[in-house]
Amino acid sequence: MTSVGARVVLAASNAARKMGQALDSMGASIEVAKYTERLVPSTRFVAVDGVAPTVSESAAFVAPSANVIGDVAIGKNSSVWYGATIRGDVNKVTIGDNTSIGDRAVVHVAKIQGDFPTIIGDNVTVGPGATIHAATLMSSCVIGASAQVLDGSVVESNSIVAPGSVVTPGTKIPTGELWSGSPAKSERKLTDDELAGIPGSADSTKDLAILHALECAKDYKQVAEDEELYEDNLERHPDYYARGSEDDAPDGDVLGQGAPGRIFDSTLTHPEEGLKYMQKKKAEAEAK
């Protein structure tokens with residue numbers, strides 16, 4: 001009976017496999033747009049025509065979901081945030097020191113309608129969702145969230161472009177001014193507090209970027225340990241034993257079972273096995 005049952009199962013499996021293959025072939029034959037699934041490699045750093053991005057070893061942070069493509073140079077302590085794209089495919093992009101490109105911001109260049117690279121100086125803050133297209137941002141300026149600075153424009157130092165503004169092609173924004181609107185126009189001179197806040201914004205973003213870089217650099221084991229430590233701190237009563245580390249375990253050992261409050265290495269029903277294990281470790285340590 002066993003052999004007959006096995007043959008029936010095998011025959012049914014073969015029939016199901018053939019039916020699945022037939023359905024797959026039929027589906028492929030009636031597809032309007034042919035599609036083949038492929039594994040997508042990381043696109044954080046991509047070379048174009050053999051030219052790869054140059055990122056300073058001391059750059060603060062380039063997010064895992066950011067895209068830095070082609071002839072791009074990024075200076076020290078600068079950061080590129082989540083979902084941002086910097087594309088130097090038909091011209092070059094240069095980003096100075098201590099500058100941040102915010103979440104989902106786009107930095108691009110021009111070649112067809114004018115030969116414009118994109119040059120961004122030091123201590124520049126480009127807000128989330130902003131577009132910098134073939135323009136020059138001199139050092140110490142702020143581009144607000146979702147603002148656009150377009151082809152051939154120049155934003156001079158110590159200037160601010162308000163969120164959502166559109167700086168039209170070829171515009172020059174003088175130093176020390178606030179521009180806003182669509183198209184952007186000069187609103188007024190910056191106050192002393194606003195001028196002082198420009199480098200402050202760059203420095204605070206740099207500090208935050210370093211924190212994000214440390215978190216994104218963790219592997220899955222470190223993430224799991226952090227989660228375990230968080231839950232332990234949340235639930236452990238202050239009068240209970242303090243949590244120990246792997247190095248502390250021998251000192252806090254109880255009957256060879258490990259430090260209290262941690263998962264024991266051996267069964268509670270056989271504590272002698274734990275003692276044997278600890279004696280073995282001690283002997284190995286003495287032998288060294």
# chains A, B, ... in the order shown; residues from 1 in each chain; ligands from 1
$ closest_atom_pairs --of "segment 174-256 of chain A" --to "segment 60-75 of chain A" --cutoff "7 Å" --atoms "only C-alpha atoms" --output "JSON lines"
{"residue": "A:Lys206", "atom": "CA", "partner": "A:Ala60", "partner_atom": "CA", "distance": 6.5}
{"residue": "A:Ala209", "atom": "CA", "partner": "A:Phe61", "partner_atom": "CA", "distance": 5.5}
{"residue": "A:Ile210", "atom": "CA", "partner": "A:Ala60", "partner_atom": "CA", "distance": 5.4}
{"residue": "A:Ala213", "atom": "CA", "partner": "A:Phe61", "partner_atom": "CA", "distance": 5.3}
$ closest_atom_pairs --of "segment 120-232 of chain A" --to "segment 104-114 of chain A" --cutoff "8 Å" --atoms "only C-alpha atoms" --output "tab-separated table"
residue	atom	partner	partner_atom	distance
A:Val126	CA	A:Ala105	CA	7.6
A:Gly127	CA	A:Ala105	CA	7.1
A:Pro128	CA	A:Ala105	CA	5.4
A:Gly129	CA	A:Ala105	CA	4.2
A:Ala130	CA	A:Ala105	CA	4.7
A:Thr131	CA	A:Val106	CA	4.8
A:Ile132	CA	A:Val107	CA	4.7
A:His133	CA	A:His108	CA	4.8
A:Ala134	CA	A:Val109	CA	4.1
A:Ala135	CA	A:Val109	CA	7.7
A:Ser146	CA	A:Ala105	CA	7.8
A:Asp151	CA	A:Ala110	CA	7.3
$ select_by_dssp --residues "segment 26-138 of chain A" --states "strand (DSSP E)" --output "count of residues only"
42
$ atom_distance --atom1 "atom CA of Asp207 of chain A" --atom2 "atom CA of Trp81 of chain A"
13.2 Å
$ decode --residues "segment 187-201 of chain A" --atoms "all heavy atoms" --output "PDB file, in the first residue's frame"
ATOM      1  N   GLU A 187      12.358  89.577  -1.444  1.00  0.00           N
ATOM      2  CA  GLU A 187      11.384  90.017  -0.445  1.00  0.00           C
ATOM      3  C   GLU A 187      11.972  91.088   0.468  1.00  0.00           C
ATOM      4  O   GLU A 187      11.348  92.106   0.736  1.00  0.00           O
ATOM      5  CB  GLU A 187      10.915  88.816   0.389  1.00  0.00           C
ATOM      6  CG  GLU A 187      10.106  87.805  -0.389  1.00  0.00           C
ATOM      7  CD  GLU A 187       8.726  88.315  -0.762  1.00  0.00           C
ATOM      8  OE1 GLU A 187       8.197  89.224  -0.053  1.00  0.00           O
ATOM      9  OE2 GLU A 187       8.169  87.845  -1.768  1.00  0.00           O
ATOM     10  N   ARG A 188      13.186  90.844   0.957  1.00  0.00           N
ATOM     11  CA  ARG A 188      13.804  91.778   1.905  1.00  0.00           C
ATOM     12  C   ARG A 188      15.227  91.318   2.208  1.00  0.00           C
ATOM     13  O   ARG A 188      15.644  90.236   1.790  1.00  0.00           O
ATOM     14  CB  ARG A 188      13.010  91.830   3.207  1.00  0.00           C
ATOM     15  CG  ARG A 188      12.830  90.475   3.869  1.00  0.00           C
ATOM     16  CD  ARG A 188      12.112  90.576   5.195  1.00  0.00           C
ATOM     17  NE  ARG A 188      11.775  89.275   5.727  1.00  0.00           N
ATOM     18  CZ  ARG A 188      12.606  88.479   6.385  1.00  0.00           C
ATOM     19  NH1 ARG A 188      13.877  88.855   6.560  1.00  0.00           N
ATOM     20  NH2 ARG A 188      12.216  87.304   6.852  1.00  0.00           N
ATOM     21  N   LYS A 189      15.927  92.119   2.966  1.00  0.00           N
ATOM     22  CA  LYS A 189      17.241  91.740   3.478  1.00  0.00           C
ATOM     23  C   LYS A 189      17.062  90.771   4.648  1.00  0.00           C
ATOM     24  O   LYS A 189      16.061  90.843   5.379  1.00  0.00           O
ATOM     25  CB  LYS A 189      18.019  92.970   3.945  1.00  0.00           C
ATOM     26  CG  LYS A 189      18.408  93.933   2.838  1.00  0.00           C
ATOM     27  CD  LYS A 189      19.501  93.345   1.954  1.00  0.00           C
ATOM     28  CE  LYS A 189      19.984  94.358   0.931  1.00  0.00           C
ATOM     29  NZ  LYS A 189      21.068  93.807   0.062  1.00  0.00           N
ATOM     30  N   LEU A 190      18.017  89.882   4.824  1.00  0.00           N
ATOM     31  CA  LEU A 190      17.959  88.940   5.946  1.00  0.00           C
ATOM     32  C   LEU A 190      18.289  89.661   7.252  1.00  0.00           C
ATOM     33  O   LEU A 190      19.117  90.569   7.290  1.00  0.00           O
ATOM     34  CB  LEU A 190      18.933  87.787   5.732  1.00  0.00           C
ATOM     35  CG  LEU A 190      18.639  86.850   4.560  1.00  0.00           C
ATOM     36  CD1 LEU A 190      19.724  85.782   4.464  1.00  0.00           C
ATOM     37  CD2 LEU A 190      17.272  86.195   4.697  1.00  0.00           C
ATOM     38  N   THR A 191      17.651  89.230   8.320  1.00  0.00           N
ATOM     39  CA  THR A 191      17.953  89.774   9.642  1.00  0.00           C
ATOM     40  C   THR A 191      19.236  89.140  10.169  1.00  0.00           C
ATOM     41  O   THR A 191      19.716  88.120   9.637  1.00  0.00           O
ATOM     42  CB  THR A 191      16.806  89.482  10.621  1.00  0.00           C
ATOM     43  OG1 THR A 191      16.708  88.059  10.813  1.00  0.00           O
ATOM     44  CG2 THR A 191      15.482  90.000  10.082  1.00  0.00           C
ATOM     45  N   ASP A 192      19.759  89.717  11.234  1.00  0.00           N
ATOM     46  CA  ASP A 192      20.976  89.161  11.840  1.00  0.00           C
ATOM     47  C   ASP A 192      20.734  87.740  12.355  1.00  0.00           C
ATOM     48  O   ASP A 192      21.615  86.871  12.244  1.00  0.00           O
ATOM     49  CB  ASP A 192      21.451  90.056  12.988  1.00  0.00           C
ATOM     50  CG  ASP A 192      21.977  91.408  12.488  1.00  0.00           C
ATOM     51  OD1 ASP A 192      22.316  91.495  11.287  1.00  0.00           O
ATOM     52  OD2 ASP A 192      22.041  92.350  13.295  1.00  0.00           O
ATOM     53  N   ASP A 193      19.551  87.496  12.913  1.00  0.00           N
ATOM     54  CA  ASP A 193      19.239  86.153  13.413  1.00  0.00           C
ATOM     55  C   ASP A 193      19.175  85.147  12.275  1.00  0.00           C
ATOM     56  O   ASP A 193      19.637  84.001  12.412  1.00  0.00           O
ATOM     57  CB  ASP A 193      17.902  86.161  14.165  1.00  0.00           C
ATOM     58  CG  ASP A 193      18.008  86.865  15.517  1.00  0.00           C
ATOM     59  OD1 ASP A 193      19.144  87.031  16.002  1.00  0.00           O
ATOM     60  OD2 ASP A 193      16.955  87.242  16.070  1.00  0.00           O
ATOM     61  N   GLU A 194      18.603  85.548  11.152  1.00  0.00           N
ATOM     62  CA  GLU A 194      18.525  84.652   9.991  1.00  0.00           C
ATOM     63  C   GLU A 194      19.911  84.351   9.435  1.00  0.00           C
ATOM     64  O   GLU A 194      20.206  83.207   9.052  1.00  0.00           O
ATOM     65  CB  GLU A 194      17.630  85.268   8.924  1.00  0.00           C
ATOM     66  CG  GLU A 194      16.158  85.244   9.285  1.00  0.00           C
ATOM     67  CD  GLU A 194      15.303  86.047   8.320  1.00  0.00           C
ATOM     68  OE1 GLU A 194      15.836  87.044   7.750  1.00  0.00           O
ATOM     69  OE2 GLU A 194      14.125  85.715   8.137  1.00  0.00           O
ATOM     70  N   LEU A 195      20.753  85.350   9.381  1.00  0.00           N
ATOM     71  CA  LEU A 195      22.122  85.139   8.904  1.00  0.00           C
ATOM     72  C   LEU A 195      22.881  84.193   9.820  1.00  0.00           C
ATOM     73  O   LEU A 195      23.626  83.312   9.364  1.00  0.00           O
ATOM     74  CB  LEU A 195      22.854  86.478   8.798  1.00  0.00           C
ATOM     75  CG  LEU A 195      22.407  87.401   7.667  1.00  0.00           C
ATOM     76  CD1 LEU A 195      23.016  88.790   7.827  1.00  0.00           C
ATOM     77  CD2 LEU A 195      22.786  86.805   6.308  1.00  0.00           C
ATOM     78  N   ALA A 196      22.684  84.347  11.143  1.00  0.00           N
ATOM     79  CA  ALA A 196      23.363  83.470  12.104  1.00  0.00           C
ATOM     80  C   ALA A 196      22.818  82.047  12.037  1.00  0.00           C
ATOM     81  O   ALA A 196      23.530  81.089  12.361  1.00  0.00           O
ATOM     82  CB  ALA A 196      23.199  84.028  13.518  1.00  0.00           C
ATOM     83  N   GLY A 197      21.569  81.921  11.603  1.00  0.00           N
ATOM     84  CA  GLY A 197      20.959  80.593  11.555  1.00  0.00           C
ATOM     85  C   GLY A 197      21.413  79.746  10.378  1.00  0.00           C
ATOM     86  O   GLY A 197      21.234  78.519  10.395  1.00  0.00           O
ATOM     87  N   ILE A 198      22.019  80.357   9.364  1.00  0.00           N
ATOM     88  CA  ILE A 198      22.440  79.590   8.184  1.00  0.00           C
ATOM     89  C   ILE A 198      23.539  78.582   8.533  1.00  0.00           C
ATOM     90  O   ILE A 198      23.393  77.385   8.253  1.00  0.00           O
ATOM     91  CB  ILE A 198      22.858  80.541   7.047  1.00  0.00           C
ATOM     92  CG1 ILE A 198      21.634  81.303   6.533  1.00  0.00           C
ATOM     93  CG2 ILE A 198      23.526  79.759   5.911  1.00  0.00           C
ATOM     94  CD1 ILE A 198      21.949  82.363   5.486  1.00  0.00           C
ATOM     95  N   PRO A 199      24.664  79.005   9.127  1.00  0.00           N
ATOM     96  CA  PRO A 199      25.661  77.994   9.519  1.00  0.00           C
ATOM     97  C   PRO A 199      25.152  77.078  10.626  1.00  0.00           C
ATOM     98  O   PRO A 199      25.543  75.911  10.701  1.00  0.00           O
ATOM     99  CB  PRO A 199      26.859  78.837   9.991  1.00  0.00           C
ATOM    100  CG  PRO A 199      26.289  80.167  10.342  1.00  0.00           C
ATOM    101  CD  PRO A 199      25.138  80.380   9.414  1.00  0.00           C
ATOM    102  N   GLY A 200      24.261  77.601  11.482  1.00  0.00           N
ATOM    103  CA  GLY A 200      23.694  76.759  12.530  1.00  0.00           C
ATOM    104  C   GLY A 200      22.886  75.614  11.960  1.00  0.00           C
ATOM    105  O   GLY A 200      22.939  74.484  12.462  1.00  0.00           O
ATOM    106  N   SER A 201      22.133  75.879  10.894  1.00  0.00           N
ATOM    107  CA  SER A 201      21.357  74.836  10.225  1.00  0.00           C
ATOM    108  C   SER A 201      22.267  73.759   9.643  1.00  0.00           C
ATOM    109  O   SER A 201      22.006  72.555   9.763  1.00  0.00           O
ATOM    110  CB  SER A 201      20.512  75.456   9.112  1.00  0.00           C
ATOM    111  OG  SER A 201      19.872  74.469   8.346  1.00  0.00           O
TER     112      SER A 201
END
